[in-house]
Amino acid sequence: MLSTMLLPLAEGTLDKGLAIAGGAIGMGLAVIGAGRGIGQIGGQAVEGIARQPEASGKIGANMIIAAALVEGVAFTAIIIAFLMMPSLK
C-alpha cells in the first residue's frame with residue numbers, strides 16, 4: 001500500500017525529505033538539551049548563592065562561563081545538522 005502511494009514521487013525525493021526531517025529533529029534535540037543544561041546551571045548557581053551570598057561573584061562568573069560553553073556546543077550541533085541536510089533544489 002505504501003509503495004503505491006509513493007510511486008508518483010520523483011526518485012530520491014523521499015530520501016531528501018527523511019534527511020531534512022532527521023536534521024530538523026537533531027537541531028531540536030540540541031536546543032532542548034542546551035535549554036535544560038543552562039536551566040540546571042542557573043538553578044544550581046542560585047542555590048549556591050543562597051547558601052553563600054559572599055561567593056556570589058565567583059559563582060556568577062563561573063555560571064556565565066559554563067552557560068556559554070553549553071550554548072557553544074549546542075550552536076555547533078545546530079550548524080553541523082544544518083550542513084548535513086541536503087539542499088532543496
# chains A, B, ... in the order shown; residues from 1 in each chain; ligands from 1

call {"tool": "residues_around", "arguments": {"residues": "stretch 50-67 of chain A", "least_positions_apart": "5", "cutoff": "7 Å", "atoms": "only C-alpha atoms", "output": "ChimeraX atom specification"}}
result
/A:38,41-42,45

call {"tool": "select_by_dssp", "arguments": {"residues": "chain A", "states": "alpha helix (DSSP H)", "output": "PyMOL selection string"}}
result
chain A and resi 2-6+13-51+56-84

call {"tool": "write_last_selection", "arguments": {"atoms": "C-alpha atoms", "output": "tab-separated table (two decimals), in the first residue's frame"}}
result
chain	number	residue	atom	x	y	z
A	2	LEU	CA	2.74	2.45	0.95
A	3	SER	CA	4.72	1.71	-2.20
A	4	THR	CA	1.73	2.58	-4.43
A	5	MET	CA	1.27	5.89	-2.61
A	6	LEU	CA	4.91	6.80	-3.05
A	13	THR	CA	12.53	12.82	-3.02
A	14	LEU	CA	11.58	10.63	-0.08
A	15	ASP	CA	15.24	10.24	0.90
A	16	LYS	CA	15.74	14.00	0.86
A	17	GLY	CA	12.63	14.51	2.94
A	18	LEU	CA	13.76	12.00	5.54
A	19	ALA	CA	17.21	13.59	5.66
A	20	ILE	CA	15.70	17.03	6.20
A	21	ALA	CA	13.40	15.67	8.91
A	22	GLY	CA	16.34	13.99	10.62
A	23	GLY	CA	18.35	17.22	10.54
A	24	ALA	CA	15.42	19.17	11.97
A	25	ILE	CA	14.97	16.64	14.76
A	26	GLY	CA	18.69	16.81	15.53
A	27	MET	CA	18.56	20.60	15.74
A	28	GLY	CA	15.55	20.44	18.03
A	29	LEU	CA	17.24	17.97	20.35
A	30	ALA	CA	20.32	20.19	20.52
A	31	VAL	CA	18.22	23.18	21.52
A	32	ILE	CA	16.25	21.19	24.10
A	33	GLY	CA	19.45	19.80	25.61
A	34	ALA	CA	21.06	23.22	25.78
A	35	GLY	CA	17.97	24.73	27.40
A	36	ARG	CA	17.85	22.04	30.02
A	37	GLY	CA	21.58	22.32	30.73
A	38	ILE	CA	21.54	26.09	31.06
A	39	GLY	CA	18.46	25.84	33.28
A	40	GLN	CA	20.26	23.45	35.59
A	41	ILE	CA	23.34	25.68	35.67
A	42	GLY	CA	21.23	28.69	36.59
A	43	GLY	CA	19.25	26.82	39.22
A	44	GLN	CA	22.33	25.42	40.92
A	45	ALA	CA	24.00	28.83	40.83
A	46	VAL	CA	21.02	30.45	42.55
A	47	GLU	CA	21.06	27.72	45.20
A	48	GLY	CA	24.77	28.24	45.74
A	49	ILE	CA	24.36	31.99	46.06
A	50	ALA	CA	21.51	31.47	48.53
A	51	ARG	CA	23.75	29.30	50.70
A	56	SER	CA	28.08	35.32	44.51
A	57	GLY	CA	30.74	36.96	42.32
A	58	LYS	CA	32.68	33.75	41.73
A	59	ILE	CA	29.53	31.67	41.32
A	60	GLY	CA	28.04	34.14	38.85
A	61	ALA	CA	31.20	34.29	36.76
A	62	ASN	CA	31.50	30.50	36.64
A	63	MET	CA	27.82	30.22	35.77
A	64	ILE	CA	28.24	32.56	32.78
A	65	ILE	CA	31.28	30.63	31.53
A	66	ALA	CA	29.53	27.26	31.86
A	67	ALA	CA	26.38	28.54	30.14
A	68	ALA	CA	28.48	29.94	27.28
A	69	LEU	CA	30.20	26.58	26.83
A	70	VAL	CA	26.87	24.73	26.74
A	71	GLU	CA	25.49	27.25	24.25
A	72	GLY	CA	28.59	26.89	22.08
A	73	VAL	CA	28.20	23.12	21.91
A	74	ALA	CA	24.50	23.48	21.03
A	75	PHE	CA	25.28	26.05	18.33
A	76	THR	CA	27.93	23.73	16.86
A	77	ALA	CA	25.44	20.84	16.82
A	78	ILE	CA	22.87	23.00	15.02
A	79	ILE	CA	25.41	24.12	12.42
A	80	ILE	CA	26.56	20.53	11.79
A	81	ALA	CA	22.96	19.29	11.46
A	82	PHE	CA	22.18	22.14	9.06
A	83	LEU	CA	25.25	21.41	6.92
A	84	MET	CA	24.46	17.70	6.74

call {"tool": "decode", "arguments": {"residues": "chain A", "atoms": "C-alpha atoms", "output": "PDB file, in the first residue's frame"}}
result
ATOM      1  CA  MET A   1       0.000   0.000   0.000  1.00  0.00           C
ATOM      2  CA  LEU A   2       2.737   2.450   0.950  1.00  0.00           C
ATOM      3  CA  SER A   3       4.719   1.713  -2.201  1.00  0.00           C
ATOM      4  CA  THR A   4       1.732   2.580  -4.428  1.00  0.00           C
ATOM      5  CA  MET A   5       1.266   5.886  -2.608  1.00  0.00           C
ATOM      6  CA  LEU A   6       4.915   6.797  -3.055  1.00  0.00           C
ATOM      7  CA  LEU A   7       5.170   5.898  -6.771  1.00  0.00           C
ATOM      8  CA  PRO A   8       4.330   9.400  -8.061  1.00  0.00           C
ATOM      9  CA  LEU A   9       7.219  10.888  -6.094  1.00  0.00           C
ATOM     10  CA  ALA A  10      10.381  11.673  -8.004  1.00  0.00           C
ATOM     11  CA  GLU A  11      13.353   9.405  -7.444  1.00  0.00           C
ATOM     12  CA  GLY A  12      15.179  10.366  -4.238  1.00  0.00           C
ATOM     13  CA  THR A  13      12.533  12.819  -3.019  1.00  0.00           C
ATOM     14  CA  LEU A  14      11.580  10.632  -0.076  1.00  0.00           C
ATOM     15  CA  ASP A  15      15.236  10.235   0.897  1.00  0.00           C
ATOM     16  CA  LYS A  16      15.737  14.004   0.862  1.00  0.00           C
ATOM     17  CA  GLY A  17      12.626  14.509   2.940  1.00  0.00           C
ATOM     18  CA  LEU A  18      13.758  11.997   5.537  1.00  0.00           C
ATOM     19  CA  ALA A  19      17.209  13.586   5.664  1.00  0.00           C
ATOM     20  CA  ILE A  20      15.704  17.025   6.199  1.00  0.00           C
ATOM     21  CA  ALA A  21      13.398  15.673   8.906  1.00  0.00           C
ATOM     22  CA  GLY A  22      16.342  13.993  10.625  1.00  0.00           C
ATOM     23  CA  GLY A  23      18.346  17.216  10.540  1.00  0.00           C
ATOM     24  CA  ALA A  24      15.420  19.172  11.970  1.00  0.00           C
ATOM     25  CA  ILE A  25      14.967  16.641  14.763  1.00  0.00           C
ATOM     26  CA  GLY A  26      18.692  16.814  15.525  1.00  0.00           C
ATOM     27  CA  MET A  27      18.558  20.600  15.744  1.00  0.00           C
ATOM     28  CA  GLY A  28      15.551  20.440  18.029  1.00  0.00           C
ATOM     29  CA  LEU A  29      17.243  17.970  20.346  1.00  0.00           C
ATOM     30  CA  ALA A  30      20.323  20.191  20.518  1.00  0.00           C
ATOM     31  CA  VAL A  31      18.216  23.183  21.515  1.00  0.00           C
ATOM     32  CA  ILE A  32      16.247  21.191  24.097  1.00  0.00           C
ATOM     33  CA  GLY A  33      19.445  19.796  25.607  1.00  0.00           C
ATOM     34  CA  ALA A  34      21.056  23.222  25.782  1.00  0.00           C
ATOM     35  CA  GLY A  35      17.972  24.734  27.397  1.00  0.00           C
ATOM     36  CA  ARG A  36      17.853  22.040  30.023  1.00  0.00           C
ATOM     37  CA  GLY A  37      21.579  22.315  30.728  1.00  0.00           C
ATOM     38  CA  ILE A  38      21.537  26.094  31.062  1.00  0.00           C
ATOM     39  CA  GLY A  39      18.456  25.838  33.282  1.00  0.00           C
ATOM     40  CA  GLN A  40      20.262  23.450  35.590  1.00  0.00           C
ATOM     41  CA  ILE A  41      23.339  25.676  35.667  1.00  0.00           C
ATOM     42  CA  GLY A  42      21.228  28.689  36.590  1.00  0.00           C
ATOM     43  CA  GLY A  43      19.251  26.818  39.224  1.00  0.00           C
ATOM     44  CA  GLN A  44      22.326  25.421  40.915  1.00  0.00           C
ATOM     45  CA  ALA A  45      24.001  28.834  40.827  1.00  0.00           C
ATOM     46  CA  VAL A  46      21.024  30.445  42.552  1.00  0.00           C
ATOM     47  CA  GLU A  47      21.056  27.717  45.202  1.00  0.00           C
ATOM     48  CA  GLY A  48      24.774  28.237  45.736  1.00  0.00           C
ATOM     49  CA  ILE A  49      24.358  31.988  46.063  1.00  0.00           C
ATOM     50  CA  ALA A  50      21.507  31.470  48.530  1.00  0.00           C
ATOM     51  CA  ARG A  51      23.751  29.300  50.701  1.00  0.00           C
ATOM     52  CA  GLN A  52      26.830  31.512  50.451  1.00  0.00           C
ATOM     53  CA  PRO A  53      25.963  35.072  49.440  1.00  0.00           C
ATOM     54  CA  GLU A  54      29.577  36.193  49.836  1.00  0.00           C
ATOM     55  CA  ALA A  55      30.619  33.910  46.958  1.00  0.00           C
ATOM     56  CA  SER A  56      28.079  35.318  44.507  1.00  0.00           C
ATOM     57  CA  GLY A  57      30.742  36.963  42.324  1.00  0.00           C
ATOM     58  CA  LYS A  58      32.680  33.752  41.726  1.00  0.00           C
ATOM     59  CA  ILE A  59      29.530  31.669  41.323  1.00  0.00           C
ATOM     60  CA  GLY A  60      28.042  34.137  38.850  1.00  0.00           C
ATOM     61  CA  ALA A  61      31.198  34.289  36.758  1.00  0.00           C
ATOM     62  CA  ASN A  62      31.505  30.503  36.644  1.00  0.00           C
ATOM     63  CA  MET A  63      27.822  30.222  35.766  1.00  0.00           C
ATOM     64  CA  ILE A  64      28.242  32.562  32.783  1.00  0.00           C
ATOM     65  CA  ILE A  65      31.284  30.630  31.532  1.00  0.00           C
ATOM     66  CA  ALA A  66      29.529  27.258  31.862  1.00  0.00           C
ATOM     67  CA  ALA A  67      26.383  28.544  30.139  1.00  0.00           C
ATOM     68  CA  ALA A  68      28.478  29.938  27.283  1.00  0.00           C
ATOM     69  CA  LEU A  69      30.202  26.576  26.832  1.00  0.00           C
ATOM     70  CA  VAL A  70      26.874  24.734  26.740  1.00  0.00           C
ATOM     71  CA  GLU A  71      25.489  27.250  24.250  1.00  0.00           C
ATOM     72  CA  GLY A  72      28.590  26.889  22.076  1.00  0.00           C
ATOM     73  CA  VAL A  73      28.198  23.122  21.912  1.00  0.00           C
ATOM     74  CA  ALA A  74      24.504  23.480  21.032  1.00  0.00           C
ATOM     75  CA  PHE A  75      25.284  26.046  18.333  1.00  0.00           C
ATOM     76  CA  THR A  76      27.926  23.732  16.864  1.00  0.00           C
ATOM     77  CA  ALA A  77      25.436  20.839  16.822  1.00  0.00           C
ATOM     78  CA  ILE A  78      22.871  23.000  15.024  1.00  0.00           C
ATOM     79  CA  ILE A  79      25.408  24.117  12.418  1.00  0.00           C
ATOM     80  CA  ILE A  80      26.562  20.535  11.787  1.00  0.00           C
ATOM     81  CA  ALA A  81      22.965  19.289  11.459  1.00  0.00           C
ATOM     82  CA  PHE A  82      22.183  22.143   9.056  1.00  0.00           C
ATOM     83  CA  LEU A  83      25.245  21.407   6.918  1.00  0.00           C
ATOM     84  CA  MET A  84      24.457  17.700   6.743  1.00  0.00           C
ATOM     85  CA  MET A  85      20.935  18.297   5.408  1.00  0.00           C
ATOM     86  CA  PRO A  86      20.641  18.121   1.624  1.00  0.00           C
ATOM     87  CA  SER A  87      19.819  21.269  -0.284  1.00  0.00           C
ATOM     88  CA  LEU A  88      16.330  21.738  -1.684  1.00  0.00           C
ATOM     89  CA  LYS A  89      16.912  22.068  -5.435  1.00  0.00           C
TER      90      LYS A  89
END
